[in-house]
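Source file: final_29.tsv. Holds: TSV, C-alpha atoms (C1' of nucleotides).
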```
chain	number	residue	atom	x	y	z
A	522	MET	CA	0.00	0.00	0.00
A	523	SER	CA	1.12	3.39	-0.57
A	524	ASP	CA	1.05	6.95	-1.50
A	525	SER	CA	-2.00	6.82	-3.73
A	526	GLN	CA	-3.84	9.82	-5.10
A	527	LYS	CA	-7.11	7.94	-5.40
A	528	PHE	CA	-8.76	9.56	-2.40
A	529	PRO	CA	-7.96	13.18	-3.31
A	530	VAL	CA	-9.07	12.58	-6.87
A	531	ALA	CA	-12.29	10.93	-5.69
A	532	ALA	CA	-13.08	13.78	-3.33
A	533	HIS	CA	-12.41	16.35	-6.01
A	534	ALA	CA	-14.55	14.52	-8.57
A	535	LEU	CA	-17.50	14.19	-6.21
A	536	ALA	CA	-17.29	17.85	-5.26
A	537	TYR	CA	-17.18	18.79	-8.93
A	538	LEU	CA	-20.25	16.67	-9.66
A	539	ALA	CA	-22.08	18.36	-6.82
A	540	HIS	CA	-21.05	21.77	-8.10
A	541	LYS	CA	-22.37	20.87	-11.55
A	542	GLU	CA	-25.59	19.59	-9.96
A	543	ALA	CA	-25.21	16.25	-11.70
A	544	PHE	CA	-27.97	14.42	-9.85
A	545	SER	CA	-29.50	12.45	-12.72
A	546	PRO	CA	-28.32	10.62	-15.85
A	547	ASP	CA	-29.33	13.47	-18.13
A	548	ARG	CA	-26.86	15.72	-16.32
A	549	ALA	CA	-23.98	13.28	-16.46
A	550	VAL	CA	-20.44	14.67	-16.57
A	551	ALA	CA	-17.84	12.97	-18.77
A	552	SER	CA	-14.54	11.73	-17.37
A	553	ALA	CA	-12.66	14.09	-19.66
A	554	GLU	CA	-14.33	17.10	-18.03
A	555	LEU	CA	-13.62	15.80	-14.54
A	556	ALA	CA	-10.04	15.07	-15.52
A	557	ALA	CA	-9.60	18.62	-16.79
A	558	SER	CA	-10.67	19.99	-13.43
A	559	VAL	CA	-8.33	17.94	-11.24
A	560	PRO	CA	-6.23	17.99	-13.46
A	561	THR	CA	-5.19	14.48	-14.44
A	562	ASN	CA	-5.74	11.87	-17.11
A	563	PRO	CA	-9.31	10.75	-18.00
A	564	VAL	CA	-8.36	7.12	-17.43
A	565	VAL	CA	-7.22	7.91	-13.90
A	566	VAL	CA	-10.61	9.49	-13.26
A	567	ARG	CA	-12.48	6.52	-14.69
A	568	ARG	CA	-10.48	4.13	-12.52
A	569	VAL	CA	-11.67	6.08	-9.50
A	570	THR	CA	-15.26	6.62	-10.62
A	571	ALA	CA	-15.55	2.91	-11.34
A	572	MET	CA	-14.77	2.22	-7.68
A	573	LEU	CA	-17.17	4.92	-6.54
A	574	GLY	CA	-19.83	3.34	-8.73
A	575	LYS	CA	-19.29	-0.09	-7.19
A	576	ALA	CA	-19.69	1.55	-3.78
A	577	GLY	CA	-23.05	2.92	-4.86
A	578	LEU	CA	-22.05	6.57	-4.58
A	579	ILE	CA	-22.41	7.51	-8.23
A	580	GLY	CA	-24.01	6.21	-11.40
A	581	ALA	CA	-22.36	6.06	-14.80
A	582	ARG	CA	-23.51	5.52	-18.32
A	583	ALA	CA	-21.57	4.87	-21.51
A	584	GLY	CA	-22.32	6.39	-24.87
A	585	ALA	CA	-22.90	9.85	-26.17
A	586	ASN	CA	-23.88	12.36	-23.50
A	587	GLY	CA	-22.80	9.76	-20.96
A	588	GLY	CA	-20.72	10.19	-17.86
A	589	ALA	CA	-21.13	10.09	-14.11
A	590	TRP	CA	-23.69	11.59	-11.70
A	591	LEU	CA	-24.33	11.51	-7.97
A	592	LEU	CA	-26.79	9.00	-6.54
A	593	LYS	CA	-27.12	10.77	-3.20
A	594	PRO	CA	-27.27	14.39	-2.02
A	595	ALA	CA	-23.81	15.87	-1.51
A	596	GLN	CA	-24.38	16.45	2.19
A	597	ASP	CA	-25.15	12.73	2.66
A	598	ILE	CA	-21.80	11.57	1.28
A	599	THR	CA	-19.17	11.61	4.01
A	600	LEU	CA	-15.49	11.41	3.23
A	601	ASP	CA	-14.88	8.24	5.20
A	602	THR	CA	-17.26	6.47	2.84
A	603	VAL	CA	-15.26	7.86	-0.04
A	604	LEU	CA	-12.00	6.71	1.51
A	605	ARG	CA	-13.28	3.18	1.94
A	606	ALA	CA	-14.75	3.19	-1.56
A	607	VAL	CA	-11.29	3.69	-3.03
A	608	HIS	CA	-9.74	1.24	-0.54
A	609	GLY	CA	-7.68	3.94	1.10
A	610	CYS	CA	-6.32	4.03	4.62
A	611	ALA	CA	-4.07	6.14	6.82
A	612	ASN	CA	-0.73	4.75	5.82
A	613	LEU	CA	1.77	4.83	8.65
A	614	GLY	CA	3.57	1.69	7.58
A	615	THR	CA	3.17	-1.99	8.36
A	616	ALA	CA	4.06	-3.58	11.66
A	617	PRO	CA	7.21	-5.70	11.42
A	618	PRO	CA	6.87	-9.46	11.85
A	619	GLY	CA	9.07	-9.58	14.93
A	620	VAL	CA	11.26	-12.42	16.01
A	621	LYS	CA	9.65	-15.76	16.65
A	622	GLY	CA	10.48	-17.44	19.94
A	623	CYS	CA	11.17	-14.29	21.90
A	624	PRO	CA	8.05	-13.54	23.95
A	625	VAL	CA	8.50	-9.77	23.96
A	626	GLY	CA	9.72	-9.67	20.37
A	627	ALA	CA	6.51	-11.40	19.39
A	628	ARG	CA	4.17	-9.23	21.43
A	629	ILE	CA	5.46	-5.82	20.36
A	630	PRO	CA	4.44	-6.23	16.70
A	631	ASP	CA	0.87	-7.00	17.75
A	632	ALA	CA	0.81	-3.89	19.88
A	633	VAL	CA	2.26	-1.75	17.11
A	634	ARG	CA	-0.25	-3.18	14.69
A	635	ALA	CA	-3.09	-2.32	17.08
A	636	ALA	CA	-1.80	1.26	17.34
A	637	LEU	CA	-1.67	1.60	13.56
A	638	ILE	CA	-5.24	0.36	13.30
A	639	ALA	CA	-6.37	2.78	16.01
A	640	ALA	CA	-4.76	5.70	14.17
A	641	ASP	CA	-6.40	4.68	10.91
A	642	ALA	CA	-9.78	4.42	12.61
A	643	ALA	CA	-9.35	7.87	14.12
A	644	ALA	CA	-8.59	9.37	10.72
A	645	ALA	CA	-11.65	7.71	9.20
A	646	GLU	CA	-13.80	8.88	12.08
A	647	ARG	CA	-12.62	12.42	11.50
A	648	LEU	CA	-13.46	12.18	7.81
A	649	SER	CA	-16.93	10.92	8.67
A	650	LEU	CA	-17.69	14.40	9.98
A	651	ILE	CA	-16.98	16.01	6.61
A	652	SER	CA	-19.37	15.76	3.66
A	653	VAL	CA	-18.87	16.45	-0.02
A	654	ALA	CA	-21.13	19.47	0.38
A	655	ASP	CA	-18.70	20.85	2.98
A	656	LEU	CA	-15.97	20.85	0.34
A	657	LEU	CA	-17.96	23.39	-1.68
A	658	ALA	CA	-18.75	25.73	1.19
A	659	ASP	CA	-16.98	29.05	1.71
A	660	PRO	CA	-13.57	28.73	3.37
A	661	ALA	CA	-14.85	30.32	6.56
A	662	GLU	CA	-17.81	27.98	6.85
A	663	ARG	CA	-15.70	25.02	5.84
A	664	ASP	CA	-13.13	25.69	8.54
A	665	ALA	CA	-15.92	25.94	11.06
A	666	VAL	CA	-17.03	22.43	10.13
A	667	LEU	CA	-13.47	21.17	10.20
A	668	LYS	CA	-12.87	22.55	13.65
A	669	SER	CA	-16.03	21.15	15.20
A	670	ALA	CA	-14.20	17.92	15.96
B	587	MET	CA	6.15	11.01	1.00
B	588	SER	CA	5.31	7.45	1.04
B	589	ASP	CA	4.90	4.07	2.47
B	590	SER	CA	7.74	4.21	4.96
B	591	GLN	CA	8.41	1.69	7.68
B	592	LYS	CA	10.18	4.25	9.82
B	593	PHE	CA	7.37	4.66	12.32
B	594	PRO	CA	6.77	0.96	13.00
B	595	VAL	CA	10.50	0.38	13.35
B	596	ALA	CA	10.84	3.35	15.69
B	597	ALA	CA	7.96	2.18	17.88
B	598	HIS	CA	9.36	-1.32	18.03
B	599	ALA	CA	12.84	-0.10	18.90
B	600	LEU	CA	11.60	2.16	21.68
B	601	ALA	CA	9.49	-0.63	23.14
B	602	TYR	CA	12.47	-2.94	23.03
B	603	LEU	CA	14.64	-0.40	24.83
B	604	ALA	CA	11.99	-0.04	27.50
B	605	HIS	CA	11.77	-3.79	27.85
B	606	LYS	CA	15.53	-4.00	28.28
B	607	GLU	CA	15.35	-1.17	30.80
B	608	ALA	CA	17.91	0.82	28.89
B	609	PHE	CA	17.57	4.07	30.82
B	610	SER	CA	21.23	5.10	31.06
B	611	PRO	CA	24.36	4.98	28.89
B	612	ASP	CA	25.75	1.99	30.74
B	613	ARG	CA	22.74	-0.06	29.67
B	614	ALA	CA	22.91	0.98	26.01
B	615	VAL	CA	21.62	-1.46	23.40
B	616	ALA	CA	23.50	-1.83	20.10
B	617	SER	CA	21.74	-1.34	16.78
B	618	ALA	CA	22.54	-4.93	15.82
B	619	GLU	CA	20.50	-6.22	18.74
B	620	LEU	CA	17.58	-3.94	17.95
B	621	ALA	CA	17.76	-4.95	14.31
B	622	ALA	CA	17.62	-8.63	15.25
B	623	SER	CA	14.39	-8.06	17.14
B	624	VAL	CA	12.48	-6.20	14.42
B	625	PRO	CA	13.94	-7.87	12.29
B	626	THR	CA	15.70	-5.65	9.80
B	627	ASN	CA	19.13	-4.32	8.91
B	628	PRO	CA	21.23	-2.56	11.59
B	629	VAL	CA	21.66	0.42	9.27
B	630	VAL	CA	17.91	0.82	8.99
B	631	VAL	CA	17.71	0.91	12.77
B	632	ARG	CA	20.48	3.45	13.04
B	633	ARG	CA	18.80	5.67	10.46
B	634	VAL	CA	15.72	5.67	12.69
B	635	THR	CA	17.51	6.00	16.03
B	636	ALA	CA	19.47	8.94	14.66
B	637	MET	CA	16.16	10.76	14.07
B	638	LEU	CA	14.87	9.77	17.49
B	639	GLY	CA	18.08	11.11	18.98
B	640	LYS	CA	17.69	14.46	17.24
B	641	ALA	CA	14.15	14.61	18.64
B	642	GLY	CA	15.55	14.16	22.15
B	643	LEU	CA	13.84	10.85	22.80
B	644	ILE	CA	16.93	8.69	23.09
B	645	GLY	CA	20.64	9.04	23.65
B	646	ALA	CA	23.32	7.21	21.71
B	647	ARG	CA	26.99	6.64	22.12
B	648	ALA	CA	29.58	5.27	19.74
B	649	GLY	CA	32.37	2.92	20.65
B	650	ALA	CA	32.59	-0.37	22.47
B	651	ASN	CA	29.59	-1.13	24.69
B	652	GLY	CA	27.85	1.73	22.98
B	653	GLY	CA	24.34	1.94	21.62
B	654	ALA	CA	21.07	3.65	22.38
B	655	TRP	CA	19.06	4.25	25.56
B	656	LEU	CA	15.89	6.06	26.55
B	657	LEU	CA	16.09	9.62	27.86
B	658	LYS	CA	12.55	9.59	29.30
B	659	PRO	CA	10.34	7.05	31.07
B	660	ALA	CA	8.48	4.84	28.63
B	661	GLN	CA	5.09	6.04	29.80
B	662	ASP	CA	6.10	9.64	29.00
B	663	ILE	CA	6.84	8.90	25.33
B	664	THR	CA	3.67	9.09	23.29
B	665	LEU	CA	3.46	7.70	19.80
B	666	ASP	CA	2.54	10.99	18.15
B	667	THR	CA	5.90	12.32	19.28
B	668	VAL	CA	7.52	9.28	17.75
B	669	LEU	CA	5.61	9.79	14.50
B	670	ARG	CA	6.73	13.39	14.22
B	671	ALA	CA	10.29	12.45	15.15
B	672	VAL	CA	10.52	10.23	12.07
B	673	HIS	CA	8.66	12.79	9.92
B	674	GLY	CA	5.71	10.45	9.38
B	675	CYS	CA	2.12	11.31	8.59
B	676	ALA	CA	-1.16	9.61	7.77
B	677	ASN	CA	-0.64	9.26	4.08
B	678	LEU	CA	-3.95	9.70	2.29
B	679	GLY	CA	-2.44	11.36	-0.75
B	680	THR	CA	-1.79	14.94	-1.78
B	681	ALA	CA	-4.46	17.37	-2.85
B	682	PRO	CA	-4.39	18.01	-6.60
B	683	PRO	CA	-3.39	21.49	-7.80
B	684	GLY	CA	-6.71	22.14	-9.52
B	685	VAL	CA	-7.31	24.27	-12.54
B	686	LYS	CA	-6.31	27.92	-12.43
B	687	GLY	CA	-8.92	30.40	-13.47
B	688	CYS	CA	-11.97	28.35	-12.58
B	689	PRO	CA	-13.24	29.61	-9.20
B	690	VAL	CA	-14.66	26.28	-8.06
B	691	GLY	CA	-11.78	24.28	-9.50
B	692	ALA	CA	-9.46	26.40	-7.44
B	693	ARG	CA	-11.41	26.19	-4.19
B	694	ILE	CA	-11.94	22.43	-4.11
B	695	PRO	CA	-8.23	21.59	-3.75
B	696	ASP	CA	-7.97	23.87	-0.73
B	697	ALA	CA	-10.94	22.12	0.85
B	698	VAL	CA	-9.54	18.67	0.10
B	699	ARG	CA	-6.20	19.74	1.52
B	700	ALA	CA	-7.89	20.91	4.70
B	701	ALA	CA	-9.67	17.56	5.01
B	702	LEU	CA	-6.41	15.66	4.60
B	703	ILE	CA	-4.79	17.79	7.27
B	704	ALA	CA	-7.72	17.23	9.61
B	705	ALA	CA	-7.52	13.47	9.14
B	706	ASP	CA	-3.79	13.51	9.75
B	707	ALA	CA	-4.27	15.54	12.91
B	708	ALA	CA	-6.91	13.12	14.15
B	709	ALA	CA	-4.56	10.19	13.65
B	710	ALA	CA	-1.78	11.98	15.53
B	711	GLU	CA	-4.17	12.90	18.30
B	712	ARG	CA	-5.16	9.27	18.65
B	713	LEU	CA	-1.52	8.24	18.84
B	714	SER	CA	-0.92	10.82	21.55
B	715	LEU	CA	-3.07	8.67	23.83
B	716	ILE	CA	-0.74	5.69	23.46
B	717	SER	CA	2.66	5.52	25.17
B	718	VAL	CA	5.62	3.25	24.57
B	719	ALA	CA	4.85	1.63	27.92
B	720	ASP	CA	1.41	0.69	26.60
B	721	LEU	CA	3.07	-1.31	23.85
B	722	LEU	CA	4.59	-3.61	26.46
B	723	ALA	CA	1.43	-4.17	28.48
B	724	ASP	CA	-0.61	-7.35	28.32
B	725	PRO	CA	-2.92	-7.56	25.30
B	726	ALA	CA	-5.99	-7.21	27.51
B	727	GLU	CA	-4.68	-4.10	29.23
B	728	ARG	CA	-3.37	-2.72	25.98
B	729	ASP	CA	-6.72	-3.04	24.27
B	730	ALA	CA	-8.34	-1.28	27.20
B	731	VAL	CA	-6.06	1.69	26.63
B	732	LEU	CA	-6.67	1.60	22.89
B	733	LYS	CA	-10.42	1.62	23.32
B	734	SER	CA	-10.51	4.51	25.79
B	735	ALA	CA	-10.64	6.92	22.87
C	1413	DG	C1'	46.80	-0.36	19.73
C	1414	DG	C1'	42.86	-3.14	18.76
C	1415	DA	C1'	38.06	-4.00	18.91
C	1416	DA	C1'	33.32	-2.43	19.03
C	1417	DC	C1'	29.87	0.76	17.60
C	1418	DT	C1'	27.61	4.94	15.64
C	1419	DG	C1'	26.44	8.06	11.80
C	1420	DT	C1'	26.43	8.82	6.96
C	1421	DA	C1'	27.14	8.16	1.99
C	1422	DT	C1'	26.30	5.32	-1.79
C	1423	DC	C1'	24.66	1.68	-4.85
C	1424	DG	C1'	21.50	-1.98	-6.60
C	1425	DG	C1'	17.08	-4.27	-6.53
C	1426	DT	C1'	12.28	-3.79	-6.10
C	1427	DA	C1'	7.62	-2.25	-5.73
C	1428	DG	C1'	3.92	1.06	-6.56
C	1429	DC	C1'	1.92	4.73	-8.90
C	1430	DG	C1'	0.42	7.98	-12.58
C	1431	DA	C1'	0.14	8.74	-17.46
C	1432	DT	C1'	-0.64	6.95	-21.82
C	1433	DT	C1'	-2.28	3.91	-25.48
C	1434	DA	C1'	-5.36	0.55	-27.01
C	1435	DC	C1'	-9.53	-2.20	-27.33
C	1436	DG	C1'	-14.27	-4.00	-26.54
C	1437	DT	C1'	-18.84	-2.50	-25.22
C	1438	DA	C1'	-22.74	0.61	-24.79
C	1439	DA	C1'	-25.70	4.36	-25.99
C	1440	DT	C1'	-27.06	8.43	-28.54
C	1441	DA	C1'	-27.44	11.46	-32.85
C	1442	DG	C1'	-28.41	12.02	-37.45
D	834	DC	C1'	-27.92	1.88	-39.87
D	835	DT	C1'	-23.69	4.18	-39.26
D	836	DA	C1'	-20.79	7.39	-36.99
D	837	DT	C1'	-19.76	9.39	-32.78
D	838	DT	C1'	-19.27	9.68	-28.01
D	839	DA	C1'	-17.97	7.70	-23.77
D	840	DC	C1'	-17.24	4.05	-20.18
D	841	DG	C1'	-14.48	0.09	-18.27
D	842	DT	C1'	-10.34	-2.49	-18.37
D	843	DA	C1'	-5.86	-4.26	-19.64
D	844	DA	C1'	-0.98	-3.55	-20.89
D	845	DT	C1'	2.96	-0.80	-20.96
D	846	DC	C1'	6.37	2.93	-19.74
D	847	DG	C1'	8.94	6.10	-16.84
D	848	DC	C1'	9.47	7.72	-12.44
D	849	DT	C1'	10.08	7.82	-7.53
D	850	DA	C1'	10.82	6.06	-2.90
D	851	DC	C1'	12.12	2.63	0.07
D	852	DC	C1'	14.86	-1.21	1.98
D	853	DG	C1'	19.00	-3.83	2.27
D	854	DA	C1'	23.89	-4.05	1.94
D	855	DT	C1'	28.64	-2.39	1.79
D	856	DA	C1'	32.00	0.95	2.96
D	857	DC	C1'	34.25	4.40	5.69
D	858	DA	C1'	35.40	8.02	9.08
D	859	DG	C1'	34.97	9.23	13.85
D	860	DT	C1'	34.33	7.77	18.79
D	861	DT	C1'	34.78	5.00	22.94
D	862	DC	C1'	36.31	1.18	25.86
D	863	DC	C1'	39.73	-2.62	27.13
```
Can the structure in the file be given as structure tokens, please?
Amino acid sequence: MSDSQKFPVAAHALAYLAHKEAFSPDRAVASAELAASVPTNPVVVRRVTAMLGKAGLIGARAGANGGAWLLKPAQDITLDTVLRAVHGCANLGTAPPGVKGCPVGARIPDAVRAALIAADAAAAERLSLISVADLLADPAERDAVLKSA
Amino acid sequence: MSDSQKFPVAAHALAYLAHKEAFSPDRAVASAELAASVPTNPVVVRRVTAMLGKAGLIGARAGANGGAWLLKPAQDITLDTVLRAVHGCANLGTAPPGVKGCPVGARIPDAVRAALIAADAAAAERLSLISVADLLADPAERDAVLKSA
DNA sequence: GGAACTGTATCGGTAGCGATTACGTAATAG
DNA sequence: CTATTACGTAATCGCTACCGATACAGTTCC
């Protein structure tokens, strides 16, 4: 696992869809337009939107006038859902295997692993307080939401 | 930034030092011994312990019978301090630059960036509740500490 | 003086990611 | 019905970052 840009791209794409009020198939936004806004390559966007689609966050349709649209109101999509949709996690490293046989050398890795999981859970919990709609709010209002931890 | 193992190695090393009761220079533990416990290469350990030393968490001495020792009680070293000492962070990606000129395309990246920072802060805050001493406690007691979020 | 150990520089191997190209499928426009 | 648009996926390329290993200078103890 690693330093992936999937989560930032996903968050940006969802916010863009909300800004464009793409709430139904007839208002679908093409991957090329989303890619131009990030900016990145259309294929990178489609890789992400495909995962968001499997998570039930957005719909997508091929063909002319096709593209992606939101399946839920922007304020109902929290960022922890987005993070899980793209299989992201707070990456602080992986606990080492430790030395077999040594009692303490075997217990420390489990404890470190538990700490890493706790940190990841805390990050996800923090993201659950932020919605896609919050990403479009004015900076002042957005910071107010971000600080109400 | 990336998928570094520095933080897990640092946490393991500090826990090992606490277990060995290395609280003064005359009880210093060599990098080779720490490396055998992780397990990893002695140089990898020294790269990490050098950073921990600059952060004031441990002392180190070269020469025969040299090595590293703790400068503070294990229960006074919290894992967020360790994370910062090795320049780690919850790696959820980097906010995209966005498109210049478009007002919304320029504001979304700032909002995404703020969300990433908030998540990182939440992870660090969670780690601040865990000490190196907690890593050595029994699994039952350790989980009790981890759940008292 | 010799042995042990740290801190740092450097090199090779490896893994992961983004960007790009390409292709099959689907859906609309004319 | 055909051309066009657009998604989803696979394959490839170049890049970057990390770990592991070797080497070496400086430091400390016997």
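CA of Arg699 (chain B) sits 18.0 Å away from CA of Ala539 (chain A).
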| task | Pull out every residue of chain A sitting within 6 Å of chain C, counting only C-alpha atoms (C1' of nucleotides), and send them as a ChimeraX atom specification. | result | /A:583-585
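Compared by their closest atoms to Ala646 (chain B), and using all atoms listed in the file, the residues B:Thr680, B:Ser714, B:Ser590, B:Ser617 rank with B:Ser617 nearest.
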| Close residues, Gly574 (chain A) itself excluded, 12 Å, only C-alpha atoms (C1' of nucleotides), min 5 positions apart in chain, as a PyMOL selection string | (chain A and resi 531+535+566-569+579-582+588-593+603+606-607) or (chain D and resi 840-841)
Go through chain A residue by residue and, counting only C-alpha atoms, keep those with an atom at most 6 Å from chain B; for each kept residue give the shortest atom pair and its distance in Å to one decimal, ordered by chain and increasing number, as a tab-separated table.
```
residue	atom	partner	partner_atom	distance
A:Ser523	CA	B:Asp589	CA	4.9
A:Asp524	CA	B:Ser588	CA	5.0
A:Ser525	CA	B:Gly679	CA	5.4
A:Gln526	CA	B:Gly679	CA	4.8
A:Pro529	CA	B:Ala681	CA	5.5
A:Ser558	CA	B:Val685	CA	5.5
A:Val559	CA	B:Gly684	CA	4.8
A:Pro560	CA	B:Gly684	CA	5.7
A:Ala611	CA	B:Ala676	CA	4.6
A:Asn612	CA	B:Asn677	CA	4.8
A:Leu613	CA	B:Ala676	CA	5.7
A:Gly614	CA	B:Gln591	CA	4.8
A:Ala616	CA	B:Pro594	CA	5.5
A:Gly619	CA	B:Val624	CA	4.8
A:Val620	CA	B:Ser623	CA	5.5
A:Gly626	CA	B:Ser623	CA	5.9
A:Ala632	CA	B:Leu721	CA	5.2
A:Ala640	CA	B:Ala709	CA	4.5
A:Ala643	CA	B:Ala709	CA	5.3
A:Ala644	CA	B:Ala705	CA	4.5
A:Arg647	CA	B:Ala705	CA	5.7
A:Leu656	CA	B:Ala697	CA	5.2
```
Expected answer as a PDB file with C-alpha atoms (C1' of nucleotides), keeping the file's coordinate frame: chain D residues within 12 Å of chain A, all atoms listed in the file:
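See out-v3.pdb below for the written result:
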```pdb
ATOM      1  C1'  DA D 836     -20.790   7.390 -36.990  1.00  0.00           C
ATOM      2  C1'  DT D 837     -19.760   9.390 -32.780  1.00  0.00           C
ATOM      3  C1'  DT D 838     -19.270   9.680 -28.010  1.00  0.00           C
ATOM      4  C1'  DA D 839     -17.970   7.700 -23.770  1.00  0.00           C
ATOM      5  C1'  DC D 840     -17.240   4.050 -20.180  1.00  0.00           C
ATOM      6  C1'  DG D 841     -14.480   0.090 -18.270  1.00  0.00           C
ATOM      7  C1'  DT D 842     -10.340  -2.490 -18.370  1.00  0.00           C
ATOM      8  C1'  DA D 843      -5.860  -4.260 -19.640  1.00  0.00           C
ATOM      9  C1'  DT D 849      10.080   7.820  -7.530  1.00  0.00           C
ATOM     10  C1'  DA D 850      10.820   6.060  -2.900  1.00  0.00           C
ATOM     11  C1'  DC D 851      12.120   2.630   0.070  1.00  0.00           C
TER      12       DC D 851
END
```
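With CA of Asp597 (chain A) on one side and CA of Asp547 (chain A) on the other, the separation reads 21.2 Å.
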